[in-house]
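See below for run.pdb, which holds PDB, C-alpha atoms and all ligand atoms.
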```
ATOM      1  CA  MET F   1      20.865 -19.598   1.108
ATOM      2  CA  LYS F   2      18.041 -20.010  -1.336
ATOM      3  CA  HIS F   3      14.989 -17.805  -1.257
ATOM      4  CA  GLU F   4      11.859 -19.831  -0.664
ATOM      5  CA  LEU F   5       8.224 -19.343  -1.503
ATOM      6  CA  ILE F   6       6.457 -18.420   1.746
ATOM      7  CA  LYS F   7       3.517 -20.451   2.906
ATOM      8  CA  LEU F   8       0.275 -18.488   2.733
ATOM      9  CA  PRO F   9      -0.874 -17.317   6.180
ATOM     10  CA  PHE F  10      -4.497 -18.281   5.358
ATOM     11  CA  GLU F  11      -6.467 -21.003   3.588
ATOM     12  CA  THR F  12      -6.844 -20.350  -0.135
ATOM     13  CA  ASN F  13     -10.648 -20.362   0.137
ATOM     14  CA  SER F  14     -10.785 -18.071   3.175
ATOM     15  CA  LEU F  15     -11.054 -14.791   1.262
ATOM     16  CA  GLU F  16     -14.100 -15.881  -0.752
ATOM     17  CA  PRO F  17     -16.092 -14.331  -2.302
ATOM     18  CA  PHE F  18     -13.885 -11.231  -2.502
ATOM     19  CA  MET F  19     -10.793 -13.037  -3.737
ATOM     20  CA  ASP F  20     -11.377 -16.526  -5.067
ATOM     21  CA  LYS F  21      -9.488 -19.723  -4.301
ATOM     22  CA  LYS F  22      -8.427 -20.424  -7.889
ATOM     23  CA  THR F  23      -6.968 -16.943  -8.335
ATOM     24  CA  ILE F  24      -5.019 -17.218  -5.077
ATOM     25  CA  GLU F  25      -3.662 -20.654  -6.020
ATOM     26  CA  ILE F  26      -2.379 -19.431  -9.385
ATOM     27  CA  HIS F  27      -1.162 -16.114  -8.004
ATOM     28  CA  HIS F  28       0.819 -17.708  -5.174
ATOM     29  CA  GLY F  29       1.790 -21.028  -6.746
ATOM     30  CA  LYS F  30       2.718 -19.747 -10.208
ATOM     31  CA  HIS F  31       3.285 -15.975 -10.295
ATOM     32  CA  HIS F  32       4.817 -15.519  -6.843
ATOM     33  CA  LYS F  33       6.816 -18.748  -7.127
ATOM     34  CA  GLY F  34       8.101 -17.599 -10.511
ATOM     35  CA  TYR F  35       9.685 -14.547  -8.891
ATOM     36  CA  VAL F  36      11.320 -16.682  -6.190
ATOM     37  CA  ASP F  37      12.828 -18.987  -8.822
ATOM     38  CA  LYS F  38      14.005 -16.108 -11.012
ATOM     39  CA  LEU F  39      15.568 -14.280  -8.065
ATOM     40  CA  ASN F  40      17.493 -17.427  -7.095
ATOM     41  CA  ALA F  41      18.675 -17.832 -10.683
ATOM     42  CA  ALA F  42      19.712 -14.169 -10.924
ATOM     43  CA  ILE F  43      22.020 -14.349  -7.896
ATOM     44  CA  GLU F  44      23.235 -17.893  -8.523
ATOM     45  CA  ASN F  45      26.784 -16.739  -9.293
ATOM     46  CA  TYR F  46      26.998 -14.047  -6.613
ATOM     47  CA  PRO F  47      27.847 -15.820  -3.339
ATOM     48  CA  GLU F  48      27.956 -12.565  -1.347
ATOM     49  CA  LEU F  49      24.374 -11.717  -2.423
ATOM     50  CA  LYS F  50      23.068 -15.206  -1.702
ATOM     51  CA  GLU F  51      23.572 -14.526   1.999
ATOM     52  CA  LYS F  52      21.371 -11.428   1.937
ATOM     53  CA  SER F  53      17.670 -11.190   2.679
ATOM     54  CA  VAL F  54      15.325  -9.973  -0.030
ATOM     55  CA  GLU F  55      14.720  -6.857   2.102
ATOM     56  CA  TRP F  56      18.458  -6.114   2.191
ATOM     57  CA  LEU F  57      18.749  -6.529  -1.575
ATOM     58  CA  LEU F  58      15.910  -4.057  -2.216
ATOM     59  CA  GLU F  59      17.052  -1.541   0.396
ATOM     60  CA  ASN F  60      20.602  -1.491  -0.997
ATOM     61  CA  ILE F  61      20.052  -1.338  -4.739
ATOM     62  CA  SER F  62      22.915   1.103  -5.255
ATOM     63  CA  GLU F  63      25.341  -1.540  -3.962
ATOM     64  CA  LEU F  64      24.240  -4.248  -6.409
ATOM     65  CA  PRO F  65      26.337  -5.249  -9.418
ATOM     66  CA  LYS F  66      25.179  -3.288 -12.471
ATOM     67  CA  GLU F  67      24.521  -6.361 -14.606
ATOM     68  CA  ILE F  68      21.921  -7.857 -12.259
ATOM     69  CA  LYS F  69      20.513  -4.731 -10.622
ATOM     70  CA  GLN F  70      17.353  -4.601 -12.740
ATOM     71  CA  LYS F  71      16.749  -8.321 -12.301
ATOM     72  CA  ILE F  72      16.869  -7.936  -8.531
ATOM     73  CA  ILE F  73      14.523  -4.936  -8.682
ATOM     74  CA  ASN F  74      12.085  -7.005 -10.764
ATOM     75  CA  PHE F  75      12.364 -10.468  -9.227
ATOM     76  CA  GLY F  76      13.335  -9.481  -5.681
ATOM     77  CA  GLY F  77      10.552  -6.906  -5.753
ATOM     78  CA  GLY F  78       8.192  -9.616  -6.977
ATOM     79  CA  VAL F  79       9.145 -11.787  -4.007
ATOM     80  CA  TYR F  80       8.995  -9.083  -1.343
ATOM     81  CA  ASN F  81       5.850  -7.335  -2.605
ATOM     82  CA  HIS F  82       3.889 -10.582  -2.723
ATOM     83  CA  ASN F  83       5.185 -11.690   0.706
ATOM     84  CA  PHE F  84       3.912  -8.400   2.077
ATOM     85  CA  PHE F  85       0.626  -8.522   0.172
ATOM     86  CA  TRP F  86      -0.353 -11.950   1.537
ATOM     87  CA  SER F  87       0.629 -10.891   5.056
ATOM     88  CA  ILE F  88      -2.021  -8.170   5.298
ATOM     89  CA  LEU F  89      -4.996 -10.123   3.903
ATOM     90  CA  LYS F  90      -7.732 -11.567   6.087
ATOM     91  CA  LYS F  91     -11.490 -11.472   6.146
ATOM     92  CA  ASP F  92     -13.438 -10.079   9.121
ATOM     93  CA  SER F  93     -10.657  -7.914  10.550
ATOM     94  CA  PRO F  94     -12.354  -4.578   9.929
ATOM     95  CA  PHE F  95     -11.200  -0.968  10.021
ATOM     96  CA  SER F  96     -11.819   0.765  13.339
ATOM     97  CA  VAL F  97     -11.051   4.190  14.728
ATOM     98  CA  LYS F  98     -10.185   2.373  17.951
ATOM     99  CA  LEU F  99      -7.015   1.179  16.227
ATOM    100  CA  GLU F 100      -4.073   3.616  16.194
ATOM    101  CA  ILE F 101      -3.829   3.276  12.419
ATOM    102  CA  GLY F 102      -7.550   4.093  12.210
ATOM    103  CA  LYS F 103      -7.049   7.326  14.121
ATOM    104  CA  GLU F 104      -4.026   8.242  11.998
ATOM    105  CA  ILE F 105      -5.928   7.626   8.737
ATOM    106  CA  ILE F 106      -8.784   9.884   9.838
ATOM    107  CA  LYS F 107      -6.286  12.556  10.891
ATOM    108  CA  LYS F 108      -4.515  12.435   7.520
ATOM    109  CA  PHE F 109      -7.392  11.807   5.090
ATOM    110  CA  THR F 110     -10.335  13.423   7.008
ATOM    111  CA  CYS F 111     -12.553  10.343   6.786
ATOM    112  CA  LEU F 112     -12.365   6.675   5.840
ATOM    113  CA  GLN F 113     -14.271   7.259   2.611
ATOM    114  CA  ASP F 114     -11.812   9.897   1.391
ATOM    115  CA  PHE F 115      -8.956   7.524   2.147
ATOM    116  CA  LYS F 116     -10.653   4.693   0.249
ATOM    117  CA  ASN F 117     -11.418   6.984  -2.686
ATOM    118  CA  GLU F 118      -7.824   8.103  -3.028
ATOM    119  CA  PHE F 119      -6.479   4.554  -2.696
ATOM    120  CA  GLU F 120      -8.922   3.174  -5.277
ATOM    121  CA  ASN F 121      -8.317   6.103  -7.590
ATOM    122  CA  LYS F 122      -4.548   5.615  -7.475
ATOM    123  CA  GLY F 123      -5.054   1.901  -8.119
ATOM    124  CA  ASN F 124      -7.443   2.434 -10.992
ATOM    125  CA  THR F 125      -5.326   5.097 -12.702
ATOM    126  CA  LEU F 126      -2.038   3.237 -12.494
ATOM    127  CA  PHE F 127      -1.140   2.643 -16.141
ATOM    128  CA  GLY F 128       0.046  -0.873 -16.927
ATOM    129  CA  SER F 129       1.020  -3.195 -14.093
ATOM    130  CA  GLY F 130       2.007  -2.295 -10.580
ATOM    131  CA  TRP F 131       0.922  -1.763  -7.021
ATOM    132  CA  VAL F 132      -0.861   0.806  -4.896
ATOM    133  CA  TRP F 133       0.337   1.245  -1.321
ATOM    134  CA  LEU F 134      -0.357   2.977   1.935
ATOM    135  CA  VAL F 135       3.098   3.773   3.292
ATOM    136  CA  LEU F 136       4.809   5.814   5.920
ATOM    137  CA  ASN F 137       6.996   8.099   3.851
ATOM    138  CA  GLN F 138      10.436   9.415   4.784
ATOM    139  CA  ASN F 139       8.785  12.130   6.899
ATOM    140  CA  LYS F 140       6.894   9.402   8.790
ATOM    141  CA  GLU F 141       3.607  10.597   7.317
ATOM    142  CA  LEU F 142       0.935   8.394   5.775
ATOM    143  CA  GLU F 143       0.912   8.581   1.988
ATOM    144  CA  ILE F 144      -0.780   6.611  -0.798
ATOM    145  CA  ILE F 145       1.629   5.855  -3.624
ATOM    146  CA  GLN F 146       1.759   3.895  -6.859
ATOM    147  CA  THR F 147       4.699   1.748  -7.913
ATOM    148  CA  GLN F 148       5.275   0.395 -11.413
ATOM    149  CA  ASN F 149       5.990  -3.243 -12.243
ATOM    150  CA  GLN F 150       7.606  -4.829  -9.163
ATOM    151  CA  ASP F 151       9.285  -1.698  -7.818
ATOM    152  CA  SER F 152       9.085  -1.704  -4.044
ATOM    153  CA  PRO F 153       8.652   1.209  -1.612
ATOM    154  CA  ILE F 154      11.352  -0.206   0.666
ATOM    155  CA  SER F 155      13.873   0.764  -2.031
ATOM    156  CA  LYS F 156      12.848   4.368  -1.368
ATOM    157  CA  LYS F 157      13.068   4.156   2.420
ATOM    158  CA  MET F 158       9.300   4.023   2.802
ATOM    159  CA  ILE F 159       7.544   1.623   5.185
ATOM    160  CA  PRO F 160       4.606  -0.315   3.677
ATOM    161  CA  LEU F 161       1.396  -0.671   5.690
ATOM    162  CA  ILE F 162      -1.133  -1.818   3.046
ATOM    163  CA  THR F 163      -0.797  -2.834  -0.563
ATOM    164  CA  ALA F 164      -3.038  -3.957  -3.405
ATOM    165  CA  ASP F 165      -1.440  -5.821  -6.290
ATOM    166  CA  VAL F 166      -3.130  -4.344  -9.364
ATOM    167  CA  TRP F 167      -1.507  -6.612 -11.939
ATOM    168  CA  GLU F 168      -4.332  -8.255 -13.909
ATOM    169  CA  HIS F 169      -3.526 -11.718 -12.539
ATOM    170  CA  THR F 170      -4.835 -10.559  -9.133
ATOM    171  CA  TYR F 171      -8.382 -10.070 -10.330
ATOM    172  CA  TYR F 172      -8.886 -11.203 -13.922
ATOM    173  CA  LEU F 173     -10.628 -14.554 -13.287
ATOM    174  CA  LYS F 174     -13.224 -12.999 -11.016
ATOM    175  CA  PHE F 175     -13.526  -9.396 -12.191
ATOM    176  CA  GLN F 176     -12.135  -9.681 -15.754
ATOM    177  CA  ASN F 177     -11.109  -6.200 -16.931
ATOM    178  CA  LYS F 178     -12.770  -4.447 -13.974
ATOM    179  CA  ARG F 179      -9.891  -3.451 -11.746
ATOM    180  CA  ASN F 180     -12.260  -1.067  -9.967
ATOM    181  CA  GLY F 181     -14.466  -4.022  -8.988
ATOM    182  CA  PHE F 182     -11.500  -5.734  -7.375
ATOM    183  CA  LEU F 183     -10.481  -2.568  -5.519
ATOM    184  CA  GLU F 184     -14.015  -1.841  -4.258
ATOM    185  CA  ASN F 185     -14.051  -5.325  -2.712
ATOM    186  CA  PHE F 186     -10.473  -5.149  -1.461
ATOM    187  CA  TRP F 187     -11.566  -3.419   1.774
ATOM    188  CA  GLU F 188     -13.330  -6.620   2.857
ATOM    189  CA  ILE F 189     -10.078  -8.580   3.008
ATOM    190  CA  ILE F 190      -7.638  -6.193   4.688
ATOM    191  CA  ASN F 191      -6.338  -7.462   8.014
ATOM    192  CA  TRP F 192      -6.604  -4.186   9.931
ATOM    193  CA  GLU F 193      -5.300  -5.784  13.142
ATOM    194  CA  LYS F 194      -2.117  -6.669  11.286
ATOM    195  CA  VAL F 195      -1.863  -3.252   9.622
ATOM    196  CA  ASN F 196      -2.205  -1.689  13.063
ATOM    197  CA  GLU F 197       0.626  -3.884  14.400
ATOM    198  CA  LEU F 198       2.865  -2.786  11.533
ATOM    199  CA  PHE F 199       2.005   0.838  12.250
ATOM    200  CA  LEU F 200       2.745   0.458  15.980
ATOM    201  CA  GLU F 201       6.131  -1.143  15.171
ATOM    202  CA  THR F 202       7.136   2.026  13.340
ATOM    203  CA  LYS F 203       6.535   4.017  16.543
ATOM    204  CA  GLN F 204       9.048   2.015  18.571
TER     205      GLN F 204
HETATM  206 MN   MN3 X 301       0.964 -10.463  -8.329
END
```
Show how you would write the structure in this file as structure tokens.
Amino acid sequence: MKHELIKLPFETNSLEPFMDKKTIEIHHGKHHKGYVDKLNAAIENYPELKEKSVEWLLENISELPKEIKQKIINFGGGVYNHNFFWSILKKDSPFSVKLEIGKEIIKKFTCLQDFKNEFENKGNTLFGSGWVWLVLNQNKELEIIQTQNQDSPISKKMIPLITADVWEHTYYLKFQNKRNGFLENFWEIINWEKVNELFLETKQ
């Protein structure tokens, strides 16, 4: 089985003006695809791993052969994290306290603004390249975390609900060096209906 680049679940111009078409085309078609190709190359000579899903590979890092473990963390993480990222983006699917995830966020972070502030702050202060996430941690509590490079929260038994890719390629064409500009606008393109579905799945 070869890993394949997923099709985007939206038109590349549909997140304008918050995330532009050109950036999405390069991000998906070049960066994301690059991770798919490198993951396939890394496991080329490991037939038993070729049968596994990218989720399995990242959730079972301790079982991977030593010589390709870091490659799978990097390239497999690059595949999974981007798959997840695209899946939660959509315009005009706003936050609401009528959603279960909305209620839970208010319970945990007091108000939406405090939640946004902490998320943006963790994104802006992440040194180098990486991701900021809203996850359910091992105690099944909401938590905002940073991950470096392409490390993925599913390797630490956490369940992702929202993520922002804060590698420069996500925002450089539109916002140049202003990661905070990208993150301030990020709220306009979160698919809260989808995030709510993911949250409800964790309750089952
Ligand atoms: Mn990226």
Please enumerate the residues selected by the PyMOL selection byres (((not hetatm)) within 7 of (chain X and resi 301)) when evaluated against the supplied file, formatted as a PyMOL selection string. chain F and resi 27+31-32+82+165+167+169-170
Show me, as a list in words, the residues that have an atom within 12 Å of Glu104 (chain F) when counting all atoms listed in the file, minus same-chain residues fewer than 2 positions from it.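 Contacts, with the query itself left out: Phe95, Ser96, Val97, Lys98, Leu99, Glu100, Ile101, Gly102, Ile106, Lys107, Lys108, Phe109, Thr110, Cys111, Leu112, Phe115, Leu134, Leu136, Lys140, Glu141, Leu142, Glu143, Val195, Asn196, Phe199 and Leu200 of chain F.
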Translate the PyMOL selection byres (((chain F and resi 57-66) around 8) and not hetatm), as applied to the file shown, into an explicit residue set as number ranges by chain. F: 49, 52-56, 67-70, 72-73, 76-77, 152, 154-157
Can I get the selection written as a PDB file, in the frame of the given file, with C-alpha atoms?
```
ATOM      1  CA  LEU F  49      24.374 -11.717  -2.423  1.00  0.00           C
ATOM      2  CA  LYS F  52      21.371 -11.428   1.937  1.00  0.00           C
ATOM      3  CA  SER F  53      17.670 -11.190   2.679  1.00  0.00           C
ATOM      4  CA  VAL F  54      15.325  -9.973  -0.030  1.00  0.00           C
ATOM      5  CA  GLU F  55      14.720  -6.857   2.102  1.00  0.00           C
ATOM      6  CA  TRP F  56      18.458  -6.114   2.191  1.00  0.00           C
ATOM      7  CA  GLU F  67      24.521  -6.361 -14.606  1.00  0.00           C
ATOM      8  CA  ILE F  68      21.921  -7.857 -12.259  1.00  0.00           C
ATOM      9  CA  LYS F  69      20.513  -4.731 -10.622  1.00  0.00           C
ATOM     10  CA  GLN F  70      17.353  -4.601 -12.740  1.00  0.00           C
ATOM     11  CA  ILE F  72      16.869  -7.936  -8.531  1.00  0.00           C
ATOM     12  CA  ILE F  73      14.523  -4.936  -8.682  1.00  0.00           C
ATOM     13  CA  GLY F  76      13.335  -9.481  -5.681  1.00  0.00           C
ATOM     14  CA  GLY F  77      10.552  -6.906  -5.753  1.00  0.00           C
ATOM     15  CA  SER F 152       9.085  -1.704  -4.044  1.00  0.00           C
ATOM     16  CA  ILE F 154      11.352  -0.206   0.666  1.00  0.00           C
ATOM     17  CA  SER F 155      13.873   0.764  -2.031  1.00  0.00           C
ATOM     18  CA  LYS F 156      12.848   4.368  -1.368  1.00  0.00           C
ATOM     19  CA  LYS F 157      13.068   4.156   2.420  1.00  0.00           C
TER      20      LYS F 157
END
```
Quick one: everything within 9 Å of Asn40 (chain F), counting all atoms listed in the file, minus sequence neighbours fewer than 5 positions away in the same chain. Send it as JSON, numbers by chain. {"F": [2, 3, 4, 35, 50, 75]}
Rounded to one decimal in Å, what is the spacing between CA of Tyr171 (chain F) and CA of Asp37 (chain F)?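 Taking CA of Tyr171 (chain F) and CA of Asp37 (chain F), their separation equals 23.1 Å.
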As JSON: centre and edge lengths in Å, one decimal, of the axis-aligned box holding region 38-52 of chain F with 8 Å per side:
```
{"center_x": 21.0, "center_y": -14.7, "center_z": -4.5, "size_x": 30.0, "size_y": 22.5, "size_z": 29.0}
```
